[in-house]
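Source file: target37.cif (mmCIF, C-alpha atoms)
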data_query
loop_
_atom_site.label_atom_id
_atom_site.label_comp_id
_atom_site.auth_asym_id
_atom_site.auth_seq_id
_atom_site.Cartn_x
_atom_site.Cartn_y
_atom_site.Cartn_z
CA MET A 1 23.42 -16.63 0.65
CA ALA A 2 21.20 -13.71 -0.31
CA ILE A 3 19.28 -15.88 -2.76
CA MET A 4 18.81 -18.56 -0.14
CA SER A 5 17.50 -16.08 2.39
CA GLU A 6 15.02 -14.71 -0.17
CA GLN A 7 13.73 -18.18 -0.93
CA ASN A 8 13.27 -19.05 2.73
CA SER A 9 11.80 -15.74 3.81
CA PRO A 10 8.02 -15.91 4.36
CA SER A 11 7.72 -12.21 3.60
CA ASP A 12 9.39 -12.67 0.22
CA THR A 13 7.20 -15.66 -0.60
CA LEU A 14 4.19 -13.42 -0.08
CA ALA A 15 5.92 -10.59 -1.92
CA LYS A 16 6.49 -12.81 -4.95
CA GLN A 17 2.80 -13.78 -4.99
CA ASN A 18 1.82 -10.13 -4.87
CA VAL A 19 4.32 -9.31 -7.61
CA LEU A 20 2.62 -11.84 -9.91
CA VAL A 21 -0.76 -10.17 -9.36
CA LEU A 22 0.68 -6.71 -9.96
CA VAL A 23 2.51 -7.89 -13.09
CA ALA A 24 -0.81 -9.23 -14.43
CA ALA A 25 -2.50 -5.90 -13.62
CA GLN A 26 0.26 -4.03 -15.44
CA ALA A 27 -0.11 -6.31 -18.45
CA VAL A 28 -3.92 -6.16 -18.71
CA MET A 29 -5.00 -2.73 -17.53
CA GLY A 30 -1.65 -1.14 -18.26
CA ALA A 31 -2.30 -1.70 -21.98
CA GLN A 32 -4.65 1.30 -21.93
CA MET A 33 -1.82 3.76 -21.36
CA PRO A 34 0.09 3.12 -24.63
CA MET A 35 -3.29 3.00 -26.36
CA ILE A 36 -4.28 6.42 -25.06
CA PHE A 37 -0.87 7.99 -25.58
CA THR A 38 -0.89 6.71 -29.17
CA ILE A 39 -4.27 8.10 -30.18
CA ALA A 40 -5.30 10.84 -27.73
CA GLY A 41 -3.17 13.47 -29.46
CA LEU A 42 -4.35 12.39 -32.92
CA ALA A 43 -7.99 12.30 -31.81
CA GLY A 44 -7.54 15.61 -30.01
CA GLN A 45 -6.08 17.12 -33.16
CA SER A 46 -9.24 16.20 -35.07
CA LEU A 47 -11.56 17.56 -32.37
CA ALA A 48 -9.70 20.59 -30.98
CA PRO A 49 -10.71 24.08 -32.11
CA ASN A 50 -7.00 24.99 -32.15
CA ALA A 51 -4.11 22.71 -33.20
CA CYS A 52 -2.06 23.91 -30.21
CA TRP A 53 -4.55 22.11 -27.95
CA ALA A 54 -4.14 18.74 -29.65
CA THR A 55 -2.32 17.14 -26.71
CA LEU A 56 -4.59 18.71 -24.10
CA PRO A 57 -6.37 15.37 -23.43
CA ILE A 58 -3.02 13.78 -22.54
CA SER A 59 -2.20 16.74 -20.32
CA PHE A 60 -5.51 16.36 -18.50
CA ALA A 61 -4.87 12.67 -17.94
CA VAL A 62 -1.67 13.65 -16.19
CA ILE A 63 -3.51 16.38 -14.24
CA GLY A 64 -6.04 13.78 -13.10
CA SER A 65 -3.16 11.60 -11.96
CA MET A 66 -1.52 14.48 -10.09
CA LEU A 67 -4.73 15.55 -8.35
CA THR A 68 -5.62 12.03 -7.20
CA ALA A 69 -2.14 10.86 -6.11
CA THR A 70 -2.39 12.20 -2.55
CA PRO A 71 -6.05 11.16 -1.92
CA LEU A 72 -5.41 7.69 -3.35
CA SER A 73 -2.33 7.28 -1.19
CA ALA A 74 -4.35 8.28 1.88
CA ILE A 75 -7.12 5.81 0.95
CA MET A 76 -4.57 3.01 0.57
CA GLN A 77 -2.96 3.92 3.87
CA ARG A 78 -6.32 3.66 5.61
CA TYR A 79 -8.22 0.95 3.69
CA GLY A 80 -5.48 -1.00 1.91
CA ARG A 81 -4.07 -1.29 -1.60
CA ARG A 82 -6.98 -3.29 -3.05
CA VAL A 83 -9.49 -0.51 -2.45
CA GLY A 84 -7.23 2.12 -4.01
CA PHE A 85 -6.47 -0.02 -7.05
CA ALA A 86 -10.17 -0.82 -7.57
CA ILE A 87 -10.95 2.91 -7.54
CA GLY A 88 -8.27 3.39 -10.17
CA ALA A 89 -9.74 0.72 -12.43
CA LEU A 90 -13.23 2.22 -12.13
CA GLY A 91 -11.80 5.62 -12.98
CA GLY A 92 -10.14 4.17 -16.08
CA ALA A 93 -13.41 2.53 -17.14
CA ALA A 94 -15.26 5.83 -16.71
CA GLY A 95 -12.58 7.57 -18.78
CA GLY A 96 -13.03 5.05 -21.59
CA ALA A 97 -16.82 5.43 -21.55
CA ILE A 98 -16.80 9.25 -21.45
CA GLY A 99 -14.05 9.41 -24.08
CA ALA A 100 -16.11 7.18 -26.39
CA TYR A 101 -19.13 9.43 -25.93
CA GLY A 102 -17.02 12.52 -26.57
CA LEU A 103 -15.80 11.04 -29.85
CA LEU A 104 -19.33 9.97 -30.80
CA THR A 105 -20.66 13.50 -30.24
CA GLN A 106 -17.48 15.21 -31.55
CA ASN A 107 -17.24 17.13 -28.27
CA PHE A 108 -13.62 18.08 -27.58
CA TRP A 109 -14.19 19.30 -24.02
CA LEU A 110 -16.05 16.13 -23.06
CA PHE A 111 -13.08 14.22 -24.48
CA VAL A 112 -10.80 16.29 -22.25
CA ILE A 113 -12.95 15.55 -19.17
CA ALA A 114 -12.70 11.83 -19.98
CA ALA A 115 -8.93 12.18 -19.72
CA LEU A 116 -9.26 13.39 -16.11
CA PHE A 117 -10.89 10.06 -15.22
CA THR A 118 -8.16 8.19 -17.09
CA GLY A 119 -5.76 10.01 -14.78
CA ILE A 120 -7.32 8.23 -11.78
CA TYR A 121 -6.19 4.91 -13.24
CA MET A 122 -2.81 6.38 -14.17
CA SER A 123 -2.30 7.49 -10.57
CA ALA A 124 -3.31 4.11 -9.14
CA GLN A 125 -0.99 2.33 -11.56
CA GLY A 126 1.86 4.46 -10.25
CA PHE A 127 1.37 2.86 -6.82
CA TYR A 128 1.87 -0.68 -8.16
CA ARG A 129 5.61 -0.23 -7.72
CA PHE A 130 5.19 0.81 -4.08
CA ALA A 131 2.78 -2.07 -3.43
CA ALA A 132 5.44 -4.47 -4.70
CA ALA A 133 7.78 -3.19 -1.99
CA ASP A 134 5.23 -3.45 0.85
CA THR A 135 5.84 -7.11 1.72
CA ALA A 136 9.40 -7.41 0.35
CA SER A 137 12.63 -7.65 2.32
CA ASP A 138 15.33 -5.02 1.85
CA SER A 139 17.31 -7.29 -0.50
CA PHE A 140 14.30 -8.27 -2.62
CA ARG A 141 12.76 -4.79 -2.81
CA PRO A 142 14.63 -3.47 -5.91
CA LYS A 143 13.81 -6.69 -7.79
CA ALA A 144 10.16 -6.59 -6.73
CA ILE A 145 9.80 -3.02 -7.98
CA SER A 146 11.64 -3.87 -11.18
CA TRP A 147 9.60 -7.02 -11.92
CA VAL A 148 6.31 -5.19 -11.47
CA MET A 149 7.48 -2.55 -13.91
CA ALA A 150 8.38 -5.41 -16.30
CA GLY A 151 4.70 -6.30 -16.38
CA GLY A 152 4.32 -3.37 -18.74
CA LEU A 153 6.22 -5.38 -21.35
CA LEU A 154 3.09 -7.23 -22.48
CA SER A 155 1.05 -4.04 -22.38
CA ALA A 156 3.66 -2.49 -24.70
CA VAL A 157 2.76 -5.08 -27.30
CA VAL A 158 -0.96 -5.50 -26.62
CA GLY A 159 -1.84 -1.79 -26.34
CA PRO A 160 -0.58 -0.51 -29.72
CA GLN A 161 -1.78 -3.66 -31.49
CA LEU A 162 -5.26 -3.07 -30.06
CA VAL A 163 -5.02 0.45 -31.48
CA LYS A 164 -4.36 -1.00 -34.93
CA VAL A 165 -7.39 -3.29 -34.63
CA THR A 166 -9.80 -0.81 -33.04
CA ALA A 167 -8.82 2.67 -34.30
CA ASP A 168 -10.79 2.38 -37.54
CA ALA A 169 -13.09 -0.48 -36.55
CA MET A 170 -16.11 1.84 -36.33
CA VAL A 171 -17.42 4.71 -38.41
CA VAL A 172 -16.14 7.20 -35.83
CA PRO A 173 -12.31 6.99 -35.72
CA PHE A 174 -10.86 5.79 -32.38
CA LEU A 175 -14.30 5.07 -30.88
CA GLY A 176 -13.54 1.34 -30.76
CA THR A 177 -10.27 2.03 -28.97
CA TYR A 178 -11.98 3.84 -26.12
CA LEU A 179 -14.57 1.07 -25.78
CA ALA A 180 -11.67 -1.40 -25.53
CA VAL A 181 -10.12 0.74 -22.77
CA MET A 182 -13.37 0.49 -20.81
CA ALA A 183 -13.42 -3.30 -21.22
CA LEU A 184 -9.81 -3.70 -20.05
CA ASN A 185 -10.55 -1.88 -16.80
CA LEU A 186 -13.79 -3.70 -16.03
CA GLY A 187 -12.18 -7.07 -16.70
CA GLY A 188 -8.91 -6.36 -14.90
CA ILE A 189 -10.44 -5.09 -11.66
CA PHE A 190 -11.01 -8.66 -10.46
CA LEU A 191 -7.25 -9.30 -10.32
CA PHE A 192 -6.98 -7.25 -7.14
CA ALA A 193 -9.03 -9.82 -5.19
CA LEU A 194 -5.86 -11.96 -5.33
CA LEU A 195 -3.64 -9.28 -3.79
CA LYS A 196 -2.53 -10.08 -0.23
CA ILE A 197 -1.04 -6.96 1.30
CA PRO A 198 -2.00 -6.37 4.96
CA LYS A 199 -3.84 -3.14 5.61
CA PRO A 200 -1.65 -0.64 7.49
CA LYS A 201 -2.25 -0.59 11.22
CA PRO A 202 -3.96 2.57 12.45
CA PRO A 203 -1.64 4.83 14.45
CA ILE A 204 -1.72 4.39 18.22
CA PHE A 205 -2.45 7.54 20.18
CA GLY A 206 0.81 9.11 21.30
CA GLU A 207 2.92 7.00 18.92
CA SER A 208 5.29 8.80 16.54
CA THR A 209 3.93 9.20 13.01
CA GLY A 210 7.36 10.01 11.59
CA ARG A 211 8.55 13.09 9.77
CA THR A 212 6.27 15.74 8.36
CA ARG A 213 6.09 16.30 4.60
CA SER A 214 8.24 19.41 5.03
CA GLN A 215 10.89 17.46 6.92
CA MET A 216 10.90 14.63 4.39
CA ILE A 217 11.27 16.85 1.36
CA ARG A 218 14.25 18.55 3.04
CA THR A 219 15.99 15.17 3.49
CA PRO A 220 18.76 15.21 0.83
CA ARG A 221 18.31 11.68 -0.54
CA ILE A 222 14.51 12.05 -0.70
CA ALA A 223 14.77 15.43 -2.41
CA VAL A 224 17.22 14.14 -5.02
CA ALA A 225 15.14 11.00 -5.60
CA MET A 226 12.06 13.18 -6.25
CA ILE A 227 13.98 15.45 -8.62
CA CYS A 228 15.36 12.53 -10.63
CA ALA A 229 12.02 10.70 -10.74
CA THR A 230 10.25 13.87 -11.86
CA VAL A 231 12.80 14.71 -14.55
CA SER A 232 12.89 11.12 -15.87
CA TYR A 233 9.11 10.82 -16.08
CA ALA A 234 8.43 14.38 -17.27
CA LEU A 235 10.96 14.27 -20.11
CA MET A 236 9.72 10.87 -21.21
CA ASN A 237 6.18 12.26 -21.33
CA LEU A 238 7.27 15.46 -23.06
CA VAL A 239 8.77 13.60 -26.01
CA MET A 240 6.39 10.62 -26.13
CA THR A 241 3.29 12.84 -26.18
CA SER A 242 4.43 14.57 -29.37
CA SER A 243 5.95 11.56 -31.09
CA PRO A 244 2.76 10.29 -32.84
CA LEU A 245 2.11 13.82 -34.14
CA ALA A 246 5.72 14.05 -35.36
CA VAL A 247 5.69 10.63 -37.02
CA VAL A 248 2.43 11.29 -38.89
CA GLY A 249 3.45 14.90 -39.62
CA CYS A 250 6.67 13.68 -41.26
CA GLY A 251 4.67 11.66 -43.76
CA PHE A 252 4.43 8.27 -42.07
CA THR A 253 1.23 6.40 -41.20
CA LYS A 254 -0.78 5.98 -37.99
CA GLY A 255 0.38 2.36 -38.04
CA ASN A 256 3.99 3.57 -38.08
CA ALA A 257 3.20 5.82 -35.11
CA ALA A 258 1.74 2.85 -33.22
CA ASP A 259 4.85 0.80 -34.00
CA VAL A 260 7.11 3.58 -32.71
CA VAL A 261 5.09 3.72 -29.49
CA THR A 262 5.38 -0.07 -29.24
CA ALA A 263 9.17 0.15 -29.49
CA HIS A 264 9.18 2.92 -26.90
CA VAL A 265 7.03 1.09 -24.35
CA LEU A 266 8.97 -2.15 -24.89
CA ALA A 267 12.13 -0.23 -24.08
CA MET A 268 10.42 1.25 -21.02
CA TYR A 269 9.62 -2.13 -19.49
CA ALA A 270 11.83 -4.87 -20.98
CA PRO A 271 14.95 -3.75 -19.04
CA SER A 272 12.99 -4.19 -15.80
CA PHE A 273 13.94 -7.87 -15.82
CA PHE A 274 17.47 -6.86 -14.90
CA THR A 275 17.23 -3.26 -13.63
CA GLY A 276 16.67 -4.47 -10.07
CA HIS A 277 19.78 -6.65 -10.24
CA LEU A 278 21.82 -3.72 -11.54
CA ILE A 279 20.57 -1.50 -8.73
CA ALA A 280 21.38 -4.17 -6.14
CA ARG A 281 24.91 -4.50 -7.54
CA PHE A 282 25.89 -0.92 -8.41
CA GLY A 283 23.55 1.22 -6.31
CA ALA A 284 20.47 3.22 -7.25
CA GLU A 285 22.29 6.52 -7.75
CA LYS A 286 24.61 5.14 -10.44
CA ILE A 287 21.74 3.56 -12.33
CA VAL A 288 19.82 6.85 -12.22
CA ALA A 289 22.88 8.63 -13.63
CA VAL A 290 23.07 6.12 -16.50
CA GLY A 291 19.37 6.68 -17.15
CA LEU A 292 19.79 10.45 -17.41
CA THR A 293 22.70 9.97 -19.83
CA ILE A 294 20.58 7.71 -22.04
CA LEU A 295 17.77 10.29 -22.05
CA ALA A 296 20.29 12.84 -23.35
CA GLY A 297 21.26 10.36 -26.07
CA ALA A 298 17.60 9.99 -27.05
CA GLY A 299 17.34 13.73 -27.62
CA ALA A 300 20.53 13.74 -29.69
CA VAL A 301 19.28 10.95 -31.98
CA ALA A 302 15.88 12.64 -32.41
CA MET A 303 17.52 15.92 -33.46
CA SER A 304 19.85 14.24 -35.94
CA GLY A 305 17.20 13.39 -38.54
CA PHE A 306 13.56 12.74 -39.41
CA GLU A 307 13.70 9.24 -40.86
CA LEU A 308 11.55 6.51 -39.35
CA THR A 309 14.73 4.93 -37.97
CA ASN A 310 15.45 8.10 -35.99
CA PHE A 311 12.01 7.91 -34.40
CA PHE A 312 12.43 4.24 -33.50
CA VAL A 313 15.92 4.62 -32.02
CA SER A 314 15.25 7.86 -30.13
CA LEU A 315 11.97 6.61 -28.63
CA ALA A 316 13.61 3.30 -27.64
CA LEU A 317 16.42 5.18 -25.90
CA LEU A 318 13.81 7.41 -24.27
CA GLY A 319 12.09 4.34 -22.80
CA LEU A 320 15.35 2.81 -21.57
CA GLY A 321 16.47 6.07 -19.94
CA TRP A 322 13.11 6.40 -18.20
CA ASN A 323 13.37 2.83 -16.89
CA PHE A 324 16.77 3.33 -15.28
CA GLY A 325 16.02 6.83 -14.01
CA PHE A 326 12.54 6.18 -12.63
CA ILE A 327 13.09 2.74 -11.09
CA GLY A 328 16.38 3.87 -9.59
CA ALA A 329 14.76 6.96 -8.07
CA THR A 330 11.85 4.90 -6.73
CA THR A 331 14.30 2.53 -5.04
CA MET A 332 16.10 5.49 -3.46
CA LEU A 333 12.78 6.79 -2.13
CA THR A 334 11.48 3.52 -0.66
CA ALA A 335 14.78 3.00 1.19
CA GLU A 336 14.22 6.26 3.07
CA GLN A 337 10.65 5.72 4.34
CA THR A 338 9.34 4.23 7.57
CA PRO A 339 5.99 2.35 7.72
CA ALA A 340 4.35 5.33 9.42
CA GLU A 341 5.62 7.71 6.72
CA LYS A 342 4.86 5.48 3.73
CA GLY A 343 1.48 6.82 2.69
CA ARG A 344 2.50 10.44 3.29
CA LEU A 345 5.79 10.18 1.40
CA GLN A 346 4.45 8.20 -1.55
CA GLY A 347 1.54 10.58 -2.04
CA LEU A 348 3.88 13.57 -1.83
CA ASN A 349 6.31 11.99 -4.28
CA ASP A 350 3.67 11.23 -6.90
CA LEU A 351 2.14 14.69 -6.47
CA VAL A 352 5.54 16.20 -7.29
CA VAL A 353 6.29 13.72 -10.08
CA PHE A 354 2.97 14.10 -11.86
CA GLY A 355 3.03 17.85 -11.30
CA GLY A 356 6.21 17.88 -13.37
CA VAL A 357 4.69 15.50 -15.91
CA THR A 358 1.66 17.79 -16.20
CA MET A 359 3.84 20.76 -17.09
CA ALA A 360 5.75 18.64 -19.60
CA SER A 361 2.54 17.41 -21.18
CA PHE A 362 1.14 20.92 -21.50
CA SER A 363 4.41 22.10 -23.02
CA SER A 364 4.62 19.23 -25.49
CA GLY A 365 1.68 20.22 -27.68
CA GLY A 366 2.65 23.89 -27.68
CA LEU A 367 6.28 23.18 -28.58
CA MET A 368 5.29 20.67 -31.25
CA ASN A 369 2.53 22.61 -32.99
CA CYS A 370 3.16 26.25 -32.21
CA ALA A 371 6.87 26.84 -31.48
CA GLY A 372 8.60 26.22 -34.78
CA GLY A 373 6.12 26.74 -37.59
CA THR A 374 6.80 23.30 -39.10
CA VAL A 375 6.61 19.72 -37.84
CA HIS A 376 10.38 19.38 -38.12
CA ALA A 377 11.10 22.56 -36.17
CA GLY A 378 8.51 21.66 -33.51
CA TRP A 379 10.03 18.20 -33.00
CA GLN A 380 13.48 19.78 -32.65
CA MET A 381 12.15 22.19 -30.01
CA VAL A 382 10.53 19.35 -28.03
CA ASN A 383 13.83 17.47 -27.81
CA LEU A 384 15.94 20.57 -27.15
CA ALA A 385 13.72 21.38 -24.15
CA MET A 386 15.10 18.28 -22.37
CA LEU A 387 18.56 19.78 -21.86
CA PRO A 388 18.11 22.14 -18.85
CA PHE A 389 16.19 19.54 -16.86
CA LEU A 390 18.81 16.87 -17.47
CA VAL A 391 21.41 19.32 -16.19
CA LEU A 392 19.27 19.93 -13.07
CA ALA A 393 18.86 16.23 -12.26
CA GLY A 394 22.50 15.45 -13.02
CA GLY A 395 23.63 18.31 -10.81
CA ALA A 396 21.42 17.08 -7.96
CA LEU A 397 22.99 13.61 -8.18
CA ILE A 398 26.50 15.06 -8.17
CA TRP A 399 25.64 17.21 -5.14
CA LEU A 400 24.34 14.16 -3.29
CA ALA A 401 27.44 12.15 -4.16
CA LEU A 402 29.76 14.92 -2.90
CA ARG A 403 28.02 15.39 0.45
CA PRO A 404 29.94 12.66 2.37
CA ALA A 405 33.25 13.94 0.96
CA ALA A 406 32.31 17.47 1.96
CA ARG A 407 31.54 16.38 5.55
CA GLN A 408 34.86 14.55 5.82
CA ALA A 409 36.69 17.60 4.54
#
Represent the structure contained in this file as C-alpha cells.
Amino acid sequence: MAIMSEQNSPSDTLAKQNVLVLVAAQAVMGAQMPMIFTIAGLAGQSLAPNACWATLPISFAVIGSMLTATPLSAIMQRYGRRVGFAIGALGGAAGGAIGAYGLLTQNFWLFVIAALFTGIYMSAQGFYRFAAADTASDSFRPKAISWVMAGGLLSAVVGPQLVKVTADAMVVPFLGTYLAVMALNLGGIFLFALLKIPKPKPPIFGESTGRTRSQMIRTPRIAVAMICATVSYALMNLVMTSSPLAVVGCGFTKGNAADVVTAHVLAMYAPSFFTGHLIARFGAEKIVAVGLTILAGAGAVAMSGFELTNFFVSLALLGLGWNFGFIGATTMLTAEQTPAEKGRLQGLNDLVVFGGVTMASFSSGGLMNCAGGTVHAGWQMVNLAMLPFLVLAGGALIWLALRPAARQA
C-alpha cells in the first residue's frame, strides 16, 4: 500500500524528478570533492613551509563550508534552492581557478584561500539531501535523501580517475586537476535550471515562525541527531584527510592513494541505494548505531597493519559507517522540523556539523605528521583519536533510547 501511495502521490512524482536532478549534480559536480581530498594534502605538502600544515587546504575547505552554511541556508529559505546551489557552483569554480593559480605561482597561502571558495560548494552540496526531502512525503523522505546521496557513487569513480589523468598532465603537478574542478562546476551549474522546488512562502506578520535555535538544539532528538551527524562526518574527514599521506608515506604510489580514495567514496555512496529502505524498516536510530559500530571497526582494521589491503578495507568501512551514521542522523533531523523552522534548523545543523569537521581536519594533519615521529605512528594516532568521539555519540543514542523508559518508570 505504501508503494502504491508513493506512486500516486503528486508530491512524490515531483520529488522523484527533483531527486534525479540532484543525483546528476552529485555525480558531476560532486566529483570535485574526492579529487580535492585526494590531492590537496599532497599538493599542500609540496607547497607548505612546514609539513604539519600539509592538510591546511583541506581544513580551510571545511572552514569555508562551515562559515557559509548558515548564510546559504538563509538565501535558500528566501530565494529558493536553485539560487543557493548556483552560488555553490560558482564558489567551486572560483576555488578551482584560484587553486590553479596558487599552484602555478607556488603560493601556498593563495592555495589555502582557494580552499575557502571550494568550501562554498561543499556547503551547498550538503543541502542537496535537504532539498531531496522538500517535496517528498513522510514515507518517501528517507529514500529521497538516500538516493541523492547515492549520486555520489559515480563521482567516487569519476573523481579519482580524473586525478590520475590530470595530476601530471601539465608541467606543474596537480594544475590540470584544479582546472578540471573549475570546468566541472561551470558545466554542472546548468543542471539546477531543471530543479522544481517551490520557493518558501514569506512569513505572514503575526504568524508563528516556530522554535528558536536555542529551543531546537535543546530538543533531545535534534540534539542527538546533530551529535551523531557531527561525529560521523568529522571522524570520516579526520581519517580520510590523512589517508593519501599515509598511503604514499608507507611506500605506495599516488595512483594507489587515488584507488584507496575511490574505494572509500564508493563505500560512502553505494549503500545509499538501500540505506533509506533500512531506515524505513528499522528506524533511523538503529541505523545510526550500526554506522558508529562500523566506524569503530574501520579504526581497528587501520591500526592492525600497514599493508595496502589494510588501507582499502579500513577506508571502505569508514565510508560505509559514514553513510549509515550521516544519512540516519539527517533523517532524524528532518523528521523534527516544521516548514517555518527548516531554514533555521538546517543552517544550524550544518554549522555544527562542519564546525566539528573543521576541528577534525585541523587535527588530522597535526596527528599524521607531527604526533608520532613516523608515518606509521602518525596513522595510528589518527585512528586512535576516533575512540572518545564514538563513545560520545554512542552514549547520546543510548540516552535517547532510554528516555521513554525513564518517563514510564
List the residues selected by the PyMOL selection byres ((chain A and resi 186) around 9) in the file shown, writing them as a ChimeraX atom specification. /A:29,89-90,92-93,181-185,187-190
Six-sided padding of 8 Å per side, axis-aligned box over stretch 144-156 of chain A, centre and edges in Å, one decimal, as JSON:
{"center_x": 6.3, "center_y": -4.9, "center_z": -15.7, "size_x": 26.6, "size_y": 20.7, "size_z": 34.0}
If you measure from atom CA of A:Gly95 to atom CA of A:Trp147, what distance in Å do you get, rounded to one decimal?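 Straight-line distance from atom CA of A:Gly95 to atom CA of A:Trp147 works out to 27.4 Å.
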Excluding A:Ala144 and residues on its chain fewer than 2 positions from it, collect all residues at most 7 Å away from it, counting only C-alpha atoms, and give them as a count of residues only. 9
Provide the atom CA of A:Ala396 to atom CA of A:Cys228 distance in Å, to one decimal place. 8.0 Å
As number ranges by chain, please: the residues near A:Tyr269 (cut-off 10 Å, all atoms listed in the file, same-chain neighbours under 3 positions excluded). A: 146-156, 264-266, 272-273, 275, 319-320, 322-324
Resulting file, chosen residues, C-alpha atoms, as a PDB file, keeping the file's coordinate frame:
ATOM      1  CA  SER A 146      11.640  -3.870 -11.180  1.00  0.00           C
ATOM      2  CA  TRP A 147       9.600  -7.020 -11.920  1.00  0.00           C
ATOM      3  CA  VAL A 148       6.310  -5.190 -11.470  1.00  0.00           C
ATOM      4  CA  MET A 149       7.480  -2.550 -13.910  1.00  0.00           C
ATOM      5  CA  ALA A 150       8.380  -5.410 -16.300  1.00  0.00           C
ATOM      6  CA  GLY A 151       4.700  -6.300 -16.380  1.00  0.00           C
ATOM      7  CA  GLY A 152       4.320  -3.370 -18.740  1.00  0.00           C
ATOM      8  CA  LEU A 153       6.220  -5.380 -21.350  1.00  0.00           C
ATOM      9  CA  LEU A 154       3.090  -7.230 -22.480  1.00  0.00           C
ATOM     10  CA  SER A 155       1.050  -4.040 -22.380  1.00  0.00           C
ATOM     11  CA  ALA A 156       3.660  -2.490 -24.700  1.00  0.00           C
ATOM     12  CA  HIS A 264       9.180   2.920 -26.900  1.00  0.00           C
ATOM     13  CA  VAL A 265       7.030   1.090 -24.350  1.00  0.00           C
ATOM     14  CA  LEU A 266       8.970  -2.150 -24.890  1.00  0.00           C
ATOM     15  CA  SER A 272      12.990  -4.190 -15.800  1.00  0.00           C
ATOM     16  CA  PHE A 273      13.940  -7.870 -15.820  1.00  0.00           C
ATOM     17  CA  THR A 275      17.230  -3.260 -13.630  1.00  0.00           C
ATOM     18  CA  GLY A 319      12.090   4.340 -22.800  1.00  0.00           C
ATOM     19  CA  LEU A 320      15.350   2.810 -21.570  1.00  0.00           C
ATOM     20  CA  TRP A 322      13.110   6.400 -18.200  1.00  0.00           C
ATOM     21  CA  ASN A 323      13.370   2.830 -16.890  1.00  0.00           C
ATOM     22  CA  PHE A 324      16.770   3.330 -15.280  1.00  0.00           C
TER      23      PHE A 324
END
Find the residues around A:Val353 up to 10 Å (all atoms listed in the file counted), leave out those fewer than 2 positions away in its own chain, and share them as a PyMOL selection string. chain A and resi 65-66+69+226-234+347-351+355-358
Nearest to A:Ala296, chosen from A:Leu308, A:Val391, A:Ile398, A:Leu345, with all atoms listed in the file counted in the distances: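 Ranking A:Leu308, A:Val391, A:Ile398, A:Leu345 by distance to A:Ala296, first place goes to A:Val391.
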Measuring atom to atom with all atoms listed in the file, identify which of A:Pro200, A:Pro160, A:Pro220, A:Gly64 is nearest to A:Leu116.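 Checking each candidate against A:Leu116, we get A:Gly64 as the closest.
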Residues in the PyMOL selection byres ((chain A and resi 118) around 7), expressed as a PyMOL selection string: chain A and resi 61+91-92+95+114-117+119-122
Taking the structure I provided as the source, export stretch 171-182 of chain A with N, CA and C atoms, as a short mmCIF file (atom, residue, chain, number, x, y, z; two decimals), in the first residue's frame.
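This is the output file part29.cif:
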data_model
loop_
_atom_site.label_atom_id
_atom_site.label_comp_id
_atom_site.auth_asym_id
_atom_site.auth_seq_id
_atom_site.Cartn_x
_atom_site.Cartn_y
_atom_site.Cartn_z
N VAL A 171 53.12 20.56 -16.68
CA VAL A 171 54.44 20.65 -16.06
C VAL A 171 54.32 20.83 -14.56
N VAL A 172 53.37 21.66 -14.13
CA VAL A 172 53.14 21.87 -12.69
C VAL A 172 52.23 20.76 -12.19
N PRO A 173 52.67 19.94 -11.23
CA PRO A 173 51.84 18.85 -10.72
C PRO A 173 50.51 19.38 -10.16
N PHE A 174 49.43 18.67 -10.48
CA PHE A 174 48.08 18.92 -9.98
C PHE A 174 47.39 20.14 -10.60
N LEU A 175 48.11 20.91 -11.43
CA LEU A 175 47.49 22.08 -12.05
C LEU A 175 46.30 21.67 -12.92
N GLY A 176 46.46 20.61 -13.69
CA GLY A 176 45.37 20.14 -14.54
C GLY A 176 44.17 19.70 -13.75
N THR A 177 44.39 19.17 -12.56
CA THR A 177 43.28 18.73 -11.72
C THR A 177 42.42 19.91 -11.29
N TYR A 178 43.05 21.00 -10.91
CA TYR A 178 42.28 22.16 -10.47
C TYR A 178 41.56 22.85 -11.63
N LEU A 179 42.14 22.79 -12.81
CA LEU A 179 41.43 23.31 -13.99
C LEU A 179 40.21 22.44 -14.30
N ALA A 180 40.33 21.13 -14.08
CA ALA A 180 39.19 20.23 -14.29
C ALA A 180 38.08 20.51 -13.27
N VAL A 181 38.46 20.83 -12.04
CA VAL A 181 37.48 21.20 -11.00
C VAL A 181 36.68 22.42 -11.44
N MET A 182 37.37 23.41 -11.98
CA MET A 182 36.69 24.62 -12.46
C MET A 182 35.69 24.26 -13.57
#
